[in-house]
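Student: File follows, final_15.csv with CSV, C-alpha atoms:
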chain,number,residue,atom,x,y,z
P,701,MET,CA,0.0,0.0,0.0
P,702,LYS,CA,1.3,3.4,-1.0
P,703,GLN,CA,2.1,5.8,1.8
P,704,ARG,CA,0.7,9.3,1.4
P,705,GLY,CA,2.0,12.5,3.0
P,706,ARG,CA,0.4,15.4,4.8
P,707,LEU,CA,0.1,17.5,1.7
P,708,TYR,CA,-2.0,14.8,-0.1
P,709,TYR,CA,-4.5,14.8,2.8
P,710,ALA,CA,-4.5,18.6,3.0
P,711,PHE,CA,-5.4,18.9,-0.7
P,712,LYS,CA,-7.5,15.8,-1.0
P,713,PRO,CA,-10.8,17.7,-1.0
P,714,LEU,CA,-9.6,19.8,-3.9
P,715,LEU,CA,-8.3,16.7,-5.8
P,716,GLN,CA,-11.6,14.8,-5.6
P,717,LYS,CA,-14.1,15.3,-8.4
P,718,PRO,CA,-17.4,16.6,-7.3
P,719,LYS,CA,-20.3,14.2,-7.4
P,720,LYS,CA,-22.6,14.6,-10.4
P,721,ASN,CA,-25.0,17.6,-10.0
P,722,GLU,CA,-23.2,18.7,-6.8
P,723,ALA,CA,-21.3,21.8,-7.6
P,724,SER,CA,-19.0,23.3,-4.9
P,725,PHE,CA,-18.4,27.0,-4.6
P,726,TYR,CA,-15.9,29.1,-2.7
P,727,ALA,CA,-16.6,32.7,-1.6
P,728,ILE,CA,-14.7,35.5,0.0
P,729,ILE,CA,-16.8,36.4,3.0
P,730,GLU,CA,-15.6,39.2,5.4
P,731,GLY,CA,-12.2,39.0,3.8
P,732,LYS,CA,-11.8,35.2,4.3
P,733,GLN,CA,-12.2,32.3,2.0
P,734,ALA,CA,-15.3,30.2,2.7
P,735,GLY,CA,-16.0,26.8,1.2
P,736,PRO,CA,-16.6,24.4,-0.2
P,737,ILE,CA,-20.2,25.5,-0.3
P,738,LYS,CA,-22.6,23.0,-1.9
P,739,GLU,CA,-25.3,24.3,-4.3
P,740,LYS,CA,-28.0,23.4,-1.8
P,741,GLU,CA,-26.3,25.5,0.9
P,742,LEU,CA,-26.2,28.7,-1.3
P,743,LYS,CA,-29.7,29.7,-0.2
P,744,LYS,CA,-28.6,29.8,3.4
P,745,PHE,CA,-25.5,31.9,2.7
P,746,ILE,CA,-27.6,34.3,0.5
P,747,SER,CA,-30.5,34.6,3.0
P,748,ASN,CA,-28.0,35.3,5.8
P,749,GLY,CA,-26.5,38.1,3.7
P,750,ASP,CA,-23.1,36.4,3.5
P,751,ILE,CA,-23.3,36.2,-0.3
P,752,LYS,CA,-24.4,39.3,-2.3
P,753,ASN,CA,-24.2,40.3,-5.9
P,754,ASP,CA,-20.7,41.6,-5.6
P,755,THR,CA,-19.3,38.8,-3.4
P,756,LEU,CA,-16.2,37.2,-5.1
P,757,MET,CA,-16.8,33.5,-5.8
P,758,TRP,CA,-15.0,30.7,-7.5
P,759,THR,CA,-16.1,27.2,-8.7
P,760,CYS,CA,-14.6,24.5,-10.8
P,761,GLY,CA,-14.0,25.6,-14.4
P,762,LEU,CA,-13.4,29.3,-13.6
P,763,SER,CA,-9.9,30.7,-14.3
P,764,GLU,CA,-10.4,33.5,-11.7
P,765,TRP,CA,-12.7,34.7,-9.0
P,766,GLN,CA,-15.9,36.4,-10.2
P,767,PRO,CA,-18.7,38.4,-8.6
P,768,ALA,CA,-21.5,36.1,-7.5
P,769,ASN,CA,-24.0,37.6,-10.0
P,770,GLN,CA,-21.8,36.4,-12.8
P,771,LEU,CA,-22.3,32.8,-11.9
P,772,PRO,CA,-25.6,31.6,-13.3
P,773,ILE,CA,-26.6,29.2,-10.5
P,774,VAL,CA,-25.7,31.7,-7.8
P,775,TYR,CA,-27.4,34.5,-9.7
P,776,LYS,CA,-30.6,32.4,-9.8
P,777,TYR,CA,-30.5,32.1,-6.0
P,778,LEU,CA,-29.8,35.8,-5.6
P,779,LEU,CA,-32.8,36.6,-7.8
P,780,LEU,CA,-35.0,34.3,-5.8
P,781,ALA,CA,-33.9,35.8,-2.5
P,782,SER,CA,-34.5,39.3,-3.9
P,783,ASN,CA,-38.0,38.3,-5.0
P,784,LYS,CA,-38.7,37.0,-1.6
P,785,ARG,CA,-37.6,40.2,0.1
P,786,THR,CA,-39.7,42.2,-2.4
P,787,GLN,CA,-42.7,39.9,-1.6
P,788,LYS,CA,-42.2,40.4,2.1
P,789,SER,CA,-42.3,44.2,1.5
P,790,MET,CA,-45.4,43.8,-0.5
P,791,ASP,CA,-46.9,41.6,2.3
P,792,VAL,CA,-46.3,44.4,4.8
P,793,ILE,CA,-48.0,46.9,2.5
P,794,ASN,CA,-50.9,44.5,1.9
P,795,ASN,CA,-51.2,43.7,5.6
P,796,SER,CA,-51.5,47.4,6.5
P,797,SER,CA,-54.4,47.8,4.0
P,798,LEU,CA,-55.8,44.5,5.3
P,799,ARG,CA,-55.5,45.8,8.9
P,800,GLU,CA,-57.4,49.0,7.9
P,801,ASP,CA,-60.1,46.9,6.1
P,802,ILE,CA,-60.6,44.7,9.1
P,803,LEU,CA,-60.7,47.6,11.6
P,804,LYS,CA,-63.3,49.3,9.3
P,805,ALA,CA,-65.4,46.1,9.3
P,806,LEU,CA,-65.2,45.9,13.1
P,807,VAL,CA,-66.5,49.4,13.4
P,808,ALA,CA,-69.3,48.7,10.9
P,809,LEU,CA,-70.2,45.7,13.1
P,810,GLY,CA,-70.4,48.0,16.2
P,811,TYR,CA,-67.0,47.2,17.8
P,812,ASN,CA,-64.6,49.8,19.1
P,813,LYS,CA,-61.6,50.1,16.8
P,814,THR,CA,-59.1,50.9,19.5
P,815,ASP,CA,-60.1,47.9,21.6
P,816,TYR,CA,-59.2,45.5,18.8
P,817,ALA,CA,-56.2,47.1,17.1
P,818,THR,CA,-53.6,44.9,18.9
P,819,LEU,CA,-55.6,41.8,18.4
P,820,VAL,CA,-56.0,42.5,14.7
P,821,ASP,CA,-52.2,42.9,14.3
P,822,ARG,CA,-51.6,39.6,16.1
P,823,VAL,CA,-54.2,37.7,14.0
P,824,ILE,CA,-52.8,39.1,10.7
P,825,GLN,CA,-49.2,38.2,11.8
P,826,ASN,CA,-50.0,34.7,13.1
P,827,ASN,CA,-52.6,33.6,10.5
P,828,PRO,CA,-51.6,35.2,7.1
P,829,GLU,CA,-53.3,32.3,5.3
P,830,LEU,CA,-56.8,33.2,6.6
P,831,SER,CA,-59.2,35.2,4.5
P,832,MET,CA,-60.4,38.5,5.9
P,833,GLU,CA,-63.8,37.0,6.8
P,834,GLU,CA,-62.0,34.2,8.7
P,835,MET,CA,-59.8,36.7,10.5
P,836,LEU,CA,-62.8,38.7,11.6
P,837,LYS,CA,-64.4,35.6,13.1
P,838,VAL,CA,-61.2,34.9,15.0
P,839,ILE,CA,-60.9,38.5,16.2
P,840,ILE,CA,-64.6,38.6,17.3
P,841,SER,CA,-64.3,35.3,19.1
P,842,GLY,CA,-61.2,36.7,21.0
P,843,LYS,CA,-59.1,33.6,20.3
P,844,GLY,CA,-56.5,35.4,18.2
Can you turn what I pasted into structure tokens?
Tutor:
Amino acid sequence: MKQRGRLYYAFKPLLQKPKKNEASFYAIIEGKQAGPIKEKELKKFISNGDIKNDTLMWTCGLSEWQPANQLPIVYKYLLLASNKRTQKSMDVINNSSLREDILKALVALGYNKTDYATLVDRVIQNNPELSMEEMLKVIISGKG
């Protein structure tokens, strides 16, 4: 059996071929090299804000480090994360108009708007999947 030295084991991860459909990436995060990062881990790094459009990255096949938004797979995840942040912003806007609509409905039903404002916020936050009518039922029942 052939004896292998320390250098072989230090570089062994770099010498191994990645498994099919399992790309590995390296990134410069806070001035330090991070990686290997598997494709399925990219979402976590992006959602944590560790990888942004201008983060320098490298993967097999590249001759030099490139900004993350130049790598097609990474760019796809960056776009998805950006769309989620945009959707969250839209949800906040929609929730504020939903809040006002629910408070108006409560007043129309004879309830005091100020008594229910906090409960309305809690129901919207905890039950975003409910329709406005279902939210009103929860609020009126006091179980929110």
Student: Just checking: using all atoms listed in the file, which residue out of P:Lys738, P:Lys813, P:Lys837, P:Lys744 ends up closest to P:Phe725?
Tutor: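 Counting all atoms listed in the file, the residue closest to P:Phe725 is P:Lys738.
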Student: Check the smallest atom-to-atom distance from each of P:Leu806, P:Leu762, P:Leu798, P:Leu742 to P:Leu778 using all atoms listed in the file, then report the winner.
Tutor: P:Leu742
Student: Using all atoms listed in the file, find the one residue out of P:Leu803, P:Pro736, P:Lys752, P:Ile728 that sits nearest to P:Asp815.
Tutor: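 Result for the nearest residue to P:Asp815: P:Leu803.
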Student: Closest to P:Lys740 among P:Asp754, P:Ala768, P:Leu830, P:Val774, using only C-alpha atoms?
Tutor: P:Val774
Student: One decimal, in Å: what's the spacing between atom CA of P:Val807 and atom CA of P:Ile840?
Tutor: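 One can read the atom CA of P:Val807 to atom CA of P:Ile840 distance as 11.6 Å.
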Student: Name the closest residue to P:Ile746 among the candidates P:Trp765, P:Tyr811, P:Tyr775, P:Tyr816; distances are taken between atoms, counting only C-alpha atoms.
Tutor: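 For P:Ile746, the nearest of the given residues is P:Tyr775.
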Student: Using all atoms listed in the file, which residue out of P:Ile802, P:Gly842, P:Ala727, P:Leu836 lies closest to P:Pro767?
Tutor: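 Of the candidates, the smallest distance to P:Pro767 is held by P:Ala727.
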Student: As an exercise, work out the distance from atom CA of P:Gln825 to atom CA of P:Ile751 in Å and give it to one decimal place.
Tutor: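 About the pair atom CA of P:Gln825 and atom CA of P:Ile751: they are 28.7 Å apart.
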Student: What is the distance between atom CA of P:Pro828 and atom CA of P:Lys743, in Å to one decimal?
Tutor: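 Between these atoms lies a distance of 23.7 Å.
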